[in-house]
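Trainee: What follows is a structure written as structure tokens; I'll ask about it next.
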Amino acid sequence: MTEMPKYTKKDFVSDQEVRWCPGCGDYAILNAVQMAMAKINRKKEDIAFISGIGCSSRFPYYMSTYGLHTIHGRAPAFASGLKVHNPDLSVWLITGDGDGLSIGGNHLIHLIRRNVNMNVILFNNEIYGLTKGQYSPTTPPGQVTKSTPYGSLDRCFLPGKLMLGAGSTFFARTMDTDPKHMQEIFLAAEQHQGCSFIEVLQNCVIFNDKTHENYTNRKLRDDWVFFLEAGKPIIFGKEKNKGLRLNGAKLEVVTIGENGVTENDLVVHDPKDSNLAFLLNNLVPHRDPLAMGIVHQVEDLTYDAQVTQQISDVSDKKGKMSMQDVLKSGSTWTVK
Amino acid sequence: MKELESVVIRFSGDSGDGMQLTGTQFSNTSALMGNDIATFPDFPAEIRAPQGTVAGVSGFQVNIGASEINTPGDEPFVLVAMNPAALKANLHSVQTGGVVIINTDAFTDKNFVKAGYTDSPLENGDLDGYQVIKVAITTQTVETLKDFELDTKSKTRCKNFYALGMTFFMFSRELEPTIEWLSKQFAKKPVLVDANVAALKAGYNFAETIETTISTFKIPAAKIDAGLYRSINGNQATAWGFIQASEVSGRPLFLGSYPITPASDILHELSNFKQFNVKTFQAEDEIAGVCTAIGASFGGALALTTSSGPGIALKGEAMGLAMIYELPLVIVNVQRGGPSTGLPTKTEQSDLYQAMYGRNGESPMIVVAASRPNDCFEMAFEASRLAIEHMTPVILLTDGYIANGAEPWKIPDLSTEFNKIEVQDAKSKYSAEEYLPYKRDDRLVRTWAFPGEEGYEHRLGGIEKQLDTGNVSYDPANHEEMCRIRAQKVANAADNIPLQEVEGDDSGDLLVISWGGTYGATHMAVSEMRNQGKKVSLMHLKYINPMPKNVDDIIKKFNKVVVCELNRGQLKDIINAKYSINAMGYNKVQGLPFRISELVTEFNRILELQ
């Protein structure tokens, strides 16, 4: 067993020229991931980055770890096969809203359902970038894009809600303009035993610039996002006087000090509470304030650990035999 | 008692009548008694098609012989018909003068209607010319079991063993192997053991009492190579061949698969082998099946995906990715009738073009095909060996006929056979400093580095790669060179496969070419022709891309060439294009295997052509 090397960000930078558009949010995510990798306490050779197709999916080329750039939408399957074959690896899946939620939607929900122990980073820019500007499953209805000149008629997915429905054990949200928060979330995801799903609000500077502006611009975001902390009331706003309160089975935004509202009336965040997770994941982008941080985290068995366990249990029970023994098992007869 | 060289028996009844079981017991007993055998189950696509209808008929055909047997036989000599639908579906194929055993209890007016008869086949002359044995099998079974503590339904279900008992007497089979099997099978329910044994013996004894009115037969033991034998079907042999390849290569086996007829039994079989560290992943769809396998292959597994034609169509894009990654992967296509959903439970060889050409871009792949049920072991091993030694995906073609068909298999000695696969691992060839993902040896094969190995970190992608480094490259000349290299690498595998053998003389009037699961029929037909003194030889291909290096020389030494295949001429076109010849085709697309007799007729016709 060799000792854990001391890594810096540089150890995770590959020799390949990064080719995203100038100003793309992907640069900040790449940077934050490389910083986080130096801190997750895993050897570089034990880390693999797997992606599908799209702008975000060029990601593995820029990491100096093991990696696969695969085909459109199927990264969850490649990553599952790799992780199940070798559960000792730290597997990171990079996808976008088109790759992960449209063409790869089926694979993604089944990855979550099985709870394979890996980390998924969904770059959500609400648009198709690499194919040059068509609407995606997260594009808000009505938006004009290359393929919706009169406005999109598609209803959109709320990624957190979809993941909760698929049985997710870890869902968090962060944003490309907050490197520190991104790193915290990536570290928490790696520590979680199960499939950790992270939605990053990411800006496409060319085809959907500033779509997340209210949530990601430091000057505007205070009234639009609330940072979750387990055991703490949900408070936000420039004046730190806004909060979320339960009204019946619904969340509502209230102001502390108005109508007799005090901090004690506010919802206290509990990542283990699936009902609260549903309410938080049901907040609608562009209309409601959104949660940042770990929305939902519960413990459950992971698929890969169970595969390993079952193999060990059955092997113990059946005992070691050779293939020659198998060939001779059951009914055989001798011809003289 | 008449002595026979061989006999074909078909057990036929409703889906729920237990005919598969009955047929299996008859063939296993015959194998144990020293006969050569070949079997073929034939069941409907619907699990329980409407009872009593022709669509719901389930059959099991067994050919047993005192000499070499290679197919389940053309025409049954004995038909066991448990209901009118079974008679309707099968009588036309029974030899004239053959024996038809009828369960009269099921021959009611209501069942005639369900089977589509307008009048009783027992009286309308349909059975003229056959030896008909009418027995109230259901009534007699229930009567035999009247003192058993079982409900009537359970008693009725023993009727297949009554029928089996009758055939055991007619063909002088021993009862012990079946009794032993029943004792094991129902060890936890002794009453079922006793009831089925009682039904078996009652059928046997009944046949004995009517001996004077029916024919009885003896089939002496066949002259077979000495050794230890077992019965095996194609899907089981395929699964086992892969496990052996995993053991020998030291690469853990990973199967990513999605259920599909007729390939699912490979998934079932492999999922039983956890003690060999076999990992089976039932994916959410066909695409995920192949993609998980490629992910595992990147990780260092001997990775497989198993499917049939429609599933292979879905996997096409990922197969192309494995090809450009240059990772080992075995793709099994247990072919069935196509196109589209086609004839899921019937056999065909119509996916050869798909295997050869069914991907976007320049995407050559090694293609091999198994020739018979027990050959699936060898070809699964070979597919794995070629995939690992040449760092490329390999397609293994089998078909529904050999996948479900069973035959005896002389158990190989694994210390001397199937014992070598050379893994192209990067670590043993290059230091971390020297390592480049796409550096090649003189066969153009790159190396395999596994995640977890320090200093060998690398990225693979589906975008065109630069020579040696594997970095993304859009350079036109580089792309052309990489396409050439990948094609040449596959072609170079010809140096790593056996030379083609010819059965019969190496020159003559007619060369019969066949491939894959039709071997039994073409082999027997060519043997028959040669026994008649005709100058006919057989070239049966198992390595289709690349082909053995001597195929060209073989073809040139014959006056005429005919390619026999269960499609509309796919191998024929490939061979004609490759070797610039004008071979004829003999083709059949009925979801059925070749009959030996139709091939003999065709070969004679071709020989007489001017």
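Numbering starts fresh at 1 for the residues of each chain in the structure tokens, the chains themselves are lettered A, B, ... in the order given, and ligands are numbered from 1 as they appear.
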Residues within 8 Å of segment 244-252 of chain B, please, as a PyMOL selection string. Count only C-alpha atoms; anything in the same chain fewer than 2 positions from it doesn't count.

Mentor: (chain A and resi 323) or (chain B and resi 240-242+254+277-278+300-302+381+384-385+418-423)

Trainee: Quick one: residues within 8 Å of Thr104 of chain B, only C-alpha atoms counted, chain neighbours fewer than 5 positions away excluded, as a ChimeraX atom specification?

Mentor: /B:83,134-137

Trainee: Residues as selected, all heavy atoms, written as a PDB file, in the first residue's frame, can you do that?

Mentor:
ATOM      1  N   ASN B  83     -53.238 -33.566 -28.098  1.00  0.00           N
ATOM      2  CA  ASN B  83     -54.555 -32.977 -28.400  1.00  0.00           C
ATOM      3  C   ASN B  83     -54.698 -32.786 -29.918  1.00  0.00           C
ATOM      4  O   ASN B  83     -53.720 -32.976 -30.655  1.00  0.00           O
ATOM      5  CB  ASN B  83     -54.750 -31.661 -27.621  1.00  0.00           C
ATOM      6  CG  ASN B  83     -53.813 -30.554 -28.081  1.00  0.00           C
ATOM      7  OD1 ASN B  83     -53.066 -30.710 -29.056  1.00  0.00           O
ATOM      8  ND2 ASN B  83     -53.837 -29.436 -27.379  1.00  0.00           N
ATOM      9  N   LYS B 134     -54.603 -45.335 -30.268  1.00  0.00           N
ATOM     10  CA  LYS B 134     -55.506 -44.453 -29.531  1.00  0.00           C
ATOM     11  C   LYS B 134     -55.563 -44.904 -28.084  1.00  0.00           C
ATOM     12  O   LYS B 134     -55.896 -46.046 -27.799  1.00  0.00           O
ATOM     13  CB  LYS B 134     -56.913 -44.510 -30.139  1.00  0.00           C
ATOM     14  CG  LYS B 134     -56.979 -44.027 -31.580  1.00  0.00           C
ATOM     15  CD  LYS B 134     -58.400 -44.176 -32.103  1.00  0.00           C
ATOM     16  CE  LYS B 134     -58.420 -44.087 -33.622  1.00  0.00           C
ATOM     17  NZ  LYS B 134     -59.729 -44.398 -34.196  1.00  0.00           N
ATOM     18  N   VAL B 135     -55.233 -43.987 -27.194  1.00  0.00           N
ATOM     19  CA  VAL B 135     -55.230 -44.312 -25.775  1.00  0.00           C
ATOM     20  C   VAL B 135     -55.877 -43.174 -24.995  1.00  0.00           C
ATOM     21  O   VAL B 135     -55.606 -41.998 -25.288  1.00  0.00           O
ATOM     22  CB  VAL B 135     -53.776 -44.472 -25.239  1.00  0.00           C
ATOM     23  CG1 VAL B 135     -53.798 -45.070 -23.843  1.00  0.00           C
ATOM     24  CG2 VAL B 135     -52.932 -45.311 -26.174  1.00  0.00           C
ATOM     25  N   ALA B 136     -56.711 -43.539 -24.020  1.00  0.00           N
ATOM     26  CA  ALA B 136     -57.310 -42.502 -23.163  1.00  0.00           C
ATOM     27  C   ALA B 136     -56.289 -42.142 -22.084  1.00  0.00           C
ATOM     28  O   ALA B 136     -56.401 -42.552 -20.929  1.00  0.00           O
ATOM     29  CB  ALA B 136     -58.610 -43.006 -22.560  1.00  0.00           C
ATOM     30  N   ILE B 137     -55.262 -41.401 -22.490  1.00  0.00           N
ATOM     31  CA  ILE B 137     -54.114 -41.169 -21.602  1.00  0.00           C
ATOM     32  C   ILE B 137     -54.521 -40.451 -20.311  1.00  0.00           C
ATOM     33  O   ILE B 137     -54.119 -40.837 -19.217  1.00  0.00           O
ATOM     34  CB  ILE B 137     -53.002 -40.378 -22.348  1.00  0.00           C
ATOM     35  CG1 ILE B 137     -52.431 -41.237 -23.478  1.00  0.00           C
ATOM     36  CG2 ILE B 137     -51.891 -39.944 -21.391  1.00  0.00           C
ATOM     37  CD1 ILE B 137     -51.386 -40.555 -24.349  1.00  0.00           C
TER      38      ILE B 137
END

Trainee: Report the residues of segment 94-270 of chain A whose backbone DSSP state falls under helix (DSSP H, G or I), written as a PyMOL selection string.

Mentor: chain A and resi 97-103+105-114+159-165+179-191+213-216+221-223+263-265

Trainee: Figure out the distance between atom CA of Leu592 of chain B and atom CA of Phe161 of chain B, please, to one decimal in Å.

Mentor: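 The value is 28.4 Å.
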
Trainee: Residues near Arg74 of chain A, anyone? I mean within 8 Å using only C-alpha atoms, not counting same-chain ones fewer than 6 positions away, as a PDB file with C-alpha atoms, in the first residue's frame.

Mentor:
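As written to disk, out26.pdb reads:
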ATOM      1  CA  GLY A  52     -21.762  11.370 -22.714  1.00  0.00           C
ATOM      2  CA  GLY A 104     -30.200   9.589 -21.640  1.00  0.00           C
ATOM      3  CA  HIS A 107     -30.361   5.483 -18.118  1.00  0.00           C
TER       4      HIS A 107
ATOM      5  CA  ILE B 287     -28.249  -0.052 -25.241  1.00  0.00           C
ATOM      6  CA  ALA B 288     -27.401   0.012 -21.537  1.00  0.00           C
ATOM      7  CA  CYS B 291     -22.676   0.215 -22.652  1.00  0.00           C
TER       8      CYS B 291
END

Trainee: Write out as a ChimeraX atom specification which residues come within 8 Å of Ser102 of chain A when counting only C-alpha atoms, dropping same-chain ones fewer than 4 positions away.

Mentor: /A:73,97-98,136-137

Trainee: May I have the residues from that selection written out with N, CA, C and O atoms, as a tab-separated table (two decimals), in the first residue's frame?

Mentor:
chain	number	residue	atom	x	y	z
A	73	GLY	N	-25.97	10.33	-24.19
A	73	GLY	CA	-26.97	9.90	-23.22
A	73	GLY	C	-26.63	8.66	-22.42
A	73	GLY	O	-27.28	8.35	-21.43
A	97	ASP	N	-28.10	18.87	-19.51
A	97	ASP	CA	-29.56	18.71	-19.47
A	97	ASP	C	-30.09	17.98	-20.70
A	97	ASP	O	-31.11	17.29	-20.62
A	98	GLY	N	-29.41	18.10	-21.84
A	98	GLY	CA	-29.84	17.34	-23.02
A	98	GLY	C	-29.39	15.90	-22.93
A	98	GLY	O	-30.18	14.97	-23.06
A	136	SER	N	-34.04	22.40	-24.58
A	136	SER	CA	-33.76	21.14	-23.88
A	136	SER	C	-34.92	20.82	-22.94
A	136	SER	O	-35.85	21.62	-22.81
A	137	PRO	N	-34.87	19.66	-22.27
A	137	PRO	CA	-35.96	19.31	-21.34
A	137	PRO	C	-36.05	20.23	-20.12
A	137	PRO	O	-36.99	20.12	-19.36

Trainee: Counting only C-alpha atoms, which residues from chain B have an atom at most 6 Å from any atom of chain A, and could you show them as a list in words?

Mentor: Leu32, Ala226, Gly227, Leu228, Tyr229, Arg230, Lys274, Gln275, Ala288, Cys291, Thr292, Ala293, Gly295, Ala296, Gly299, Gly452, Glu453, Glu454, Glu457, His458, Arg459, Leu460 and Gly461 of chain B

Trainee: Take the residues from that selection and write them out as a PDB file, in the first residue's frame, keeping N, CA, C and O atoms.

Mentor:
ATOM      1  N   LEU B  32     -27.840 -41.797 -22.235  1.00  0.00           N
ATOM      2  CA  LEU B  32     -27.260 -42.665 -21.208  1.00  0.00           C
ATOM      3  C   LEU B  32     -27.154 -44.101 -21.701  1.00  0.00           C
ATOM      4  O   LEU B  32     -26.277 -44.852 -21.292  1.00  0.00           O
ATOM      5  N   ALA B 226     -14.576 -42.857 -27.464  1.00  0.00           N
ATOM      6  CA  ALA B 226     -14.594 -43.147 -26.030  1.00  0.00           C
ATOM      7  C   ALA B 226     -14.371 -41.857 -25.240  1.00  0.00           C
ATOM      8  O   ALA B 226     -13.706 -40.930 -25.712  1.00  0.00           O
ATOM      9  N   GLY B 227     -14.956 -41.789 -24.066  1.00  0.00           N
ATOM     10  CA  GLY B 227     -14.740 -40.626 -23.218  1.00  0.00           C
ATOM     11  C   GLY B 227     -15.941 -40.345 -22.343  1.00  0.00           C
ATOM     12  O   GLY B 227     -16.945 -41.059 -22.388  1.00  0.00           O
ATOM     13  N   LEU B 228     -15.809 -39.259 -21.565  1.00  0.00           N
ATOM     14  CA  LEU B 228     -16.894 -38.856 -20.681  1.00  0.00           C
ATOM     15  C   LEU B 228     -17.771 -37.844 -21.424  1.00  0.00           C
ATOM     16  O   LEU B 228     -17.260 -36.873 -21.990  1.00  0.00           O
ATOM     17  N   TYR B 229     -19.074 -38.078 -21.405  1.00  0.00           N
ATOM     18  CA  TYR B 229     -20.004 -37.241 -22.153  1.00  0.00           C
ATOM     19  C   TYR B 229     -21.033 -36.595 -21.243  1.00  0.00           C
ATOM     20  O   TYR B 229     -21.315 -37.085 -20.166  1.00  0.00           O
ATOM     21  N   ARG B 230     -21.596 -35.493 -21.733  1.00  0.00           N
ATOM     22  CA  ARG B 230     -22.752 -34.890 -21.102  1.00  0.00           C
ATOM     23  C   ARG B 230     -23.629 -34.316 -22.209  1.00  0.00           C
ATOM     24  O   ARG B 230     -23.196 -34.180 -23.355  1.00  0.00           O
ATOM     25  N   LYS B 274     -21.803 -17.027  -9.733  1.00  0.00           N
ATOM     26  CA  LYS B 274     -21.164 -16.000  -8.910  1.00  0.00           C
ATOM     27  C   LYS B 274     -19.888 -16.519  -8.258  1.00  0.00           C
ATOM     28  O   LYS B 274     -18.966 -15.758  -7.993  1.00  0.00           O
ATOM     29  N   GLN B 275     -19.833 -17.828  -8.025  1.00  0.00           N
ATOM     30  CA  GLN B 275     -18.624 -18.385  -7.393  1.00  0.00           C
ATOM     31  C   GLN B 275     -17.416 -18.295  -8.326  1.00  0.00           C
ATOM     32  O   GLN B 275     -16.295 -18.522  -7.899  1.00  0.00           O
ATOM     33  N   ALA B 288     -28.116   0.017 -22.820  1.00  0.00           N
ATOM     34  CA  ALA B 288     -27.401   0.012 -21.537  1.00  0.00           C
ATOM     35  C   ALA B 288     -26.675  -1.314 -21.339  1.00  0.00           C
ATOM     36  O   ALA B 288     -25.618  -1.358 -20.718  1.00  0.00           O
ATOM     37  N   CYS B 291     -23.481  -0.885 -23.214  1.00  0.00           N
ATOM     38  CA  CYS B 291     -22.676   0.215 -22.652  1.00  0.00           C
ATOM     39  C   CYS B 291     -22.075  -0.164 -21.289  1.00  0.00           C
ATOM     40  O   CYS B 291     -20.927   0.179 -21.002  1.00  0.00           O
ATOM     41  N   THR B 292     -22.834  -0.881 -20.447  1.00  0.00           N
ATOM     42  CA  THR B 292     -22.250  -1.318 -19.181  1.00  0.00           C
ATOM     43  C   THR B 292     -21.083  -2.259 -19.458  1.00  0.00           C
ATOM     44  O   THR B 292     -20.057  -2.193 -18.770  1.00  0.00           O
ATOM     45  N   ALA B 293     -21.249  -3.102 -20.484  1.00  0.00           N
ATOM     46  CA  ALA B 293     -20.171  -4.038 -20.808  1.00  0.00           C
ATOM     47  C   ALA B 293     -18.915  -3.279 -21.247  1.00  0.00           C
ATOM     48  O   ALA B 293     -17.797  -3.620 -20.838  1.00  0.00           O
ATOM     49  N   GLY B 295     -18.093  -0.240 -20.388  1.00  0.00           N
ATOM     50  CA  GLY B 295     -17.552   0.387 -19.179  1.00  0.00           C
ATOM     51  C   GLY B 295     -16.719  -0.606 -18.382  1.00  0.00           C
ATOM     52  O   GLY B 295     -15.620  -0.294 -17.899  1.00  0.00           O
ATOM     53  N   ALA B 296     -17.237  -1.838 -18.264  1.00  0.00           N
ATOM     54  CA  ALA B 296     -16.514  -2.875 -17.524  1.00  0.00           C
ATOM     55  C   ALA B 296     -15.235  -3.268 -18.258  1.00  0.00           C
ATOM     56  O   ALA B 296     -14.202  -3.526 -17.633  1.00  0.00           O
ATOM     57  N   GLY B 299     -12.609  -1.058 -17.549  1.00  0.00           N
ATOM     58  CA  GLY B 299     -12.093  -1.368 -16.220  1.00  0.00           C
ATOM     59  C   GLY B 299     -11.235  -2.610 -16.166  1.00  0.00           C
ATOM     60  O   GLY B 299     -10.605  -2.886 -15.152  1.00  0.00           O
ATOM     61  N   GLY B 452      -6.818   2.212 -11.856  1.00  0.00           N
ATOM     62  CA  GLY B 452      -6.220   1.683 -10.622  1.00  0.00           C
ATOM     63  C   GLY B 452      -4.710   1.546 -10.794  1.00  0.00           C
ATOM     64  O   GLY B 452      -3.979   1.502  -9.807  1.00  0.00           O
ATOM     65  N   GLU B 453      -4.250   1.494 -12.066  1.00  0.00           N
ATOM     66  CA  GLU B 453      -2.809   1.373 -12.305  1.00  0.00           C
ATOM     67  C   GLU B 453      -2.180   2.760 -12.348  1.00  0.00           C
ATOM     68  O   GLU B 453      -2.531   3.591 -13.202  1.00  0.00           O
ATOM     69  N   GLU B 454      -1.239   2.990 -11.462  1.00  0.00           N
ATOM     70  CA  GLU B 454      -0.626   4.304 -11.304  1.00  0.00           C
ATOM     71  C   GLU B 454       0.254   4.643 -12.512  1.00  0.00           C
ATOM     72  O   GLU B 454       1.057   3.819 -12.963  1.00  0.00           O
ATOM     73  N   GLU B 457      -2.858   6.526 -16.373  1.00  0.00           N
ATOM     74  CA  GLU B 457      -4.125   7.228 -16.550  1.00  0.00           C
ATOM     75  C   GLU B 457      -4.250   7.686 -17.997  1.00  0.00           C
ATOM     76  O   GLU B 457      -3.307   8.241 -18.569  1.00  0.00           O
ATOM     77  N   HIS B 458      -5.403   7.444 -18.593  1.00  0.00           N
ATOM     78  CA  HIS B 458      -5.634   7.864 -19.975  1.00  0.00           C
ATOM     79  C   HIS B 458      -7.124   8.024 -20.210  1.00  0.00           C
ATOM     80  O   HIS B 458      -7.933   7.522 -19.438  1.00  0.00           O
ATOM     81  N   ARG B 459      -7.457   8.732 -21.278  1.00  0.00           N
ATOM     82  CA  ARG B 459      -8.838   8.971 -21.637  1.00  0.00           C
ATOM     83  C   ARG B 459      -9.113   8.361 -22.993  1.00  0.00           C
ATOM     84  O   ARG B 459      -8.293   8.486 -23.914  1.00  0.00           O
ATOM     85  N   LEU B 460     -10.270   7.681 -23.116  1.00  0.00           N
ATOM     86  CA  LEU B 460     -10.692   7.154 -24.411  1.00  0.00           C
ATOM     87  C   LEU B 460     -11.925   7.922 -24.854  1.00  0.00           C
ATOM     88  O   LEU B 460     -12.760   8.278 -24.026  1.00  0.00           O
ATOM     89  N   GLY B 461     -12.036   8.142 -26.161  1.00  0.00           N
ATOM     90  CA  GLY B 461     -13.206   8.858 -26.661  1.00  0.00           C
ATOM     91  C   GLY B 461     -13.649   8.344 -28.008  1.00  0.00           C
ATOM     92  O   GLY B 461     -12.943   7.587 -28.671  1.00  0.00           O
TER      93      GLY B 461
END

Trainee: Could you list, as a PDB file with N, CA, C and O atoms, in the first residue's frame, every residue within 10 Å of Met524 of chain B, counting only C-alpha atoms and ignoring same-chain residues fewer than 2 positions away?

Mentor:
ATOM      1  N   GLU B  68     -23.805 -41.891 -36.163  1.00  0.00           N
ATOM      2  CA  GLU B  68     -23.666 -40.444 -35.986  1.00  0.00           C
ATOM      3  C   GLU B  68     -24.971 -39.679 -36.253  1.00  0.00           C
ATOM      4  O   GLU B  68     -25.605 -39.863 -37.282  1.00  0.00           O
ATOM      5  N   ILE B  69     -25.344 -38.843 -35.327  1.00  0.00           N
ATOM      6  CA  ILE B  69     -26.545 -38.013 -35.468  1.00  0.00           C
ATOM      7  C   ILE B  69     -26.104 -36.546 -35.410  1.00  0.00           C
ATOM      8  O   ILE B  69     -25.370 -36.148 -34.515  1.00  0.00           O
ATOM      9  N   ASN B  70     -26.534 -35.769 -36.385  1.00  0.00           N
ATOM     10  CA  ASN B  70     -26.109 -34.365 -36.393  1.00  0.00           C
ATOM     11  C   ASN B  70     -27.236 -33.357 -36.442  1.00  0.00           C
ATOM     12  O   ASN B  70     -27.008 -32.162 -36.347  1.00  0.00           O
ATOM     13  N   THR B  71     -28.451 -33.831 -36.655  1.00  0.00           N
ATOM     14  CA  THR B  71     -29.585 -32.904 -36.661  1.00  0.00           C
ATOM     15  C   THR B  71     -30.728 -33.570 -35.900  1.00  0.00           C
ATOM     16  O   THR B  71     -30.720 -34.779 -35.714  1.00  0.00           O
ATOM     17  N   TYR B 519     -24.672 -26.530 -39.861  1.00  0.00           N
ATOM     18  CA  TYR B 519     -23.657 -27.559 -40.093  1.00  0.00           C
ATOM     19  C   TYR B 519     -24.221 -28.979 -40.079  1.00  0.00           C
ATOM     20  O   TYR B 519     -23.918 -29.795 -40.947  1.00  0.00           O
ATOM     21  N   GLY B 520     -25.056 -29.289 -39.087  1.00  0.00           N
ATOM     22  CA  GLY B 520     -25.585 -30.653 -38.974  1.00  0.00           C
ATOM     23  C   GLY B 520     -26.207 -31.110 -40.279  1.00  0.00           C
ATOM     24  O   GLY B 520     -25.925 -32.213 -40.781  1.00  0.00           O
ATOM     25  N   ALA B 521     -27.048 -30.270 -40.869  1.00  0.00           N
ATOM     26  CA  ALA B 521     -27.762 -30.645 -42.094  1.00  0.00           C
ATOM     27  C   ALA B 521     -26.825 -30.700 -43.298  1.00  0.00           C
ATOM     28  O   ALA B 521     -26.879 -31.660 -44.090  1.00  0.00           O
ATOM     29  N   THR B 522     -25.947 -29.699 -43.465  1.00  0.00           N
ATOM     30  CA  THR B 522     -25.080 -29.712 -44.651  1.00  0.00           C
ATOM     31  C   THR B 522     -24.065 -30.857 -44.545  1.00  0.00           C
ATOM     32  O   THR B 522     -23.759 -31.519 -45.547  1.00  0.00           O
ATOM     33  N   VAL B 526     -23.971 -33.740 -47.387  1.00  0.00           N
ATOM     34  CA  VAL B 526     -22.754 -33.967 -48.176  1.00  0.00           C
ATOM     35  C   VAL B 526     -22.249 -35.405 -47.974  1.00  0.00           C
ATOM     36  O   VAL B 526     -21.835 -36.068 -48.933  1.00  0.00           O
ATOM     37  N   SER B 527     -22.331 -35.916 -46.744  1.00  0.00           N
ATOM     38  CA  SER B 527     -21.938 -37.309 -46.491  1.00  0.00           C
ATOM     39  C   SER B 527     -22.768 -38.262 -47.348  1.00  0.00           C
ATOM     40  O   SER B 527     -22.248 -39.201 -47.942  1.00  0.00           O
ATOM     41  N   GLU B 528     -24.066 -37.978 -47.400  1.00  0.00           N
ATOM     42  CA  GLU B 528     -24.954 -38.845 -48.179  1.00  0.00           C
ATOM     43  C   GLU B 528     -24.576 -38.811 -49.660  1.00  0.00           C
ATOM     44  O   GLU B 528     -24.518 -39.847 -50.322  1.00  0.00           O
ATOM     45  N   MET B 529     -24.290 -37.603 -50.148  1.00  0.00           N
ATOM     46  CA  MET B 529     -23.879 -37.466 -51.553  1.00  0.00           C
ATOM     47  C   MET B 529     -22.600 -38.259 -51.816  1.00  0.00           C
ATOM     48  O   MET B 529     -22.462 -38.934 -52.832  1.00  0.00           O
ATOM     49  N   ARG B 530     -21.666 -38.167 -50.902  1.00  0.00           N
ATOM     50  CA  ARG B 530     -20.381 -38.856 -51.085  1.00  0.00           C
ATOM     51  C   ARG B 530     -20.560 -40.366 -51.015  1.00  0.00           C
ATOM     52  O   ARG B 530     -19.906 -41.106 -51.756  1.00  0.00           O
ATOM     53  N   ARG B 595     -33.659 -29.276 -44.138  1.00  0.00           N
ATOM     54  CA  ARG B 595     -33.802 -30.719 -44.041  1.00  0.00           C
ATOM     55  C   ARG B 595     -32.670 -31.323 -44.857  1.00  0.00           C
ATOM     56  O   ARG B 595     -32.315 -30.796 -45.915  1.00  0.00           O
ATOM     57  N   ILE B 596     -32.161 -32.431 -44.389  1.00  0.00           N
ATOM     58  CA  ILE B 596     -31.093 -33.104 -45.127  1.00  0.00           C
ATOM     59  C   ILE B 596     -31.587 -33.460 -46.527  1.00  0.00           C
ATOM     60  O   ILE B 596     -30.899 -33.256 -47.522  1.00  0.00           O
ATOM     61  N   SER B 597     -32.830 -33.953 -46.578  1.00  0.00           N
ATOM     62  CA  SER B 597     -33.367 -34.431 -47.858  1.00  0.00           C
ATOM     63  C   SER B 597     -33.469 -33.316 -48.898  1.00  0.00           C
ATOM     64  O   SER B 597     -33.165 -33.508 -50.067  1.00  0.00           O
ATOM     65  N   LEU B 599     -31.595 -30.703 -49.119  1.00  0.00           N
ATOM     66  CA  LEU B 599     -30.243 -30.352 -49.564  1.00  0.00           C
ATOM     67  C   LEU B 599     -29.734 -31.376 -50.573  1.00  0.00           C
ATOM     68  O   LEU B 599     -29.159 -31.014 -51.608  1.00  0.00           O
ATOM     69  N   VAL B 600     -29.956 -32.660 -50.293  1.00  0.00           N
ATOM     70  CA  VAL B 600     -29.515 -33.721 -51.212  1.00  0.00           C
ATOM     71  C   VAL B 600     -30.170 -33.526 -52.574  1.00  0.00           C
ATOM     72  O   VAL B 600     -29.511 -33.581 -53.617  1.00  0.00           O
TER      73      VAL B 600
END

Trainee: Select from segment 465-575 of chain B everything DSSP, run on the backbone, classes as strand (DSSP E or B), then give the selection as a PyMOL selection string.

Mentor: chain B and resi 465+468+472+503+508-515+536-541+543-545+558-565

Trainee: What does the distance from atom CA of Asn115 of chain A to atom CA of Pro451 of chain B come to in Å, to one decimal?

Mentor: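 For atom CA of Asn115 of chain A relative to atom CA of Pro451 of chain B, the distance reads 21.6 Å.
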
Trainee: Would you mind listing what lies within 8 Å of Val120 of chain A as a VMD selection string, with only C-alpha atoms counted and same-chain residues fewer than 5 positions away left out?

Mentor: chain A and resid 92 to 95 195 to 198

Trainee: As a VMD selection string, please: the residues near Phe278 of chain A (cut-off 10 Å, only C-alpha atoms, same-chain neighbours under 3 positions excluded).

Mentor: chain A and resid 160 to 162 164 to 165 273 to 275 281 to 283 295 to 296
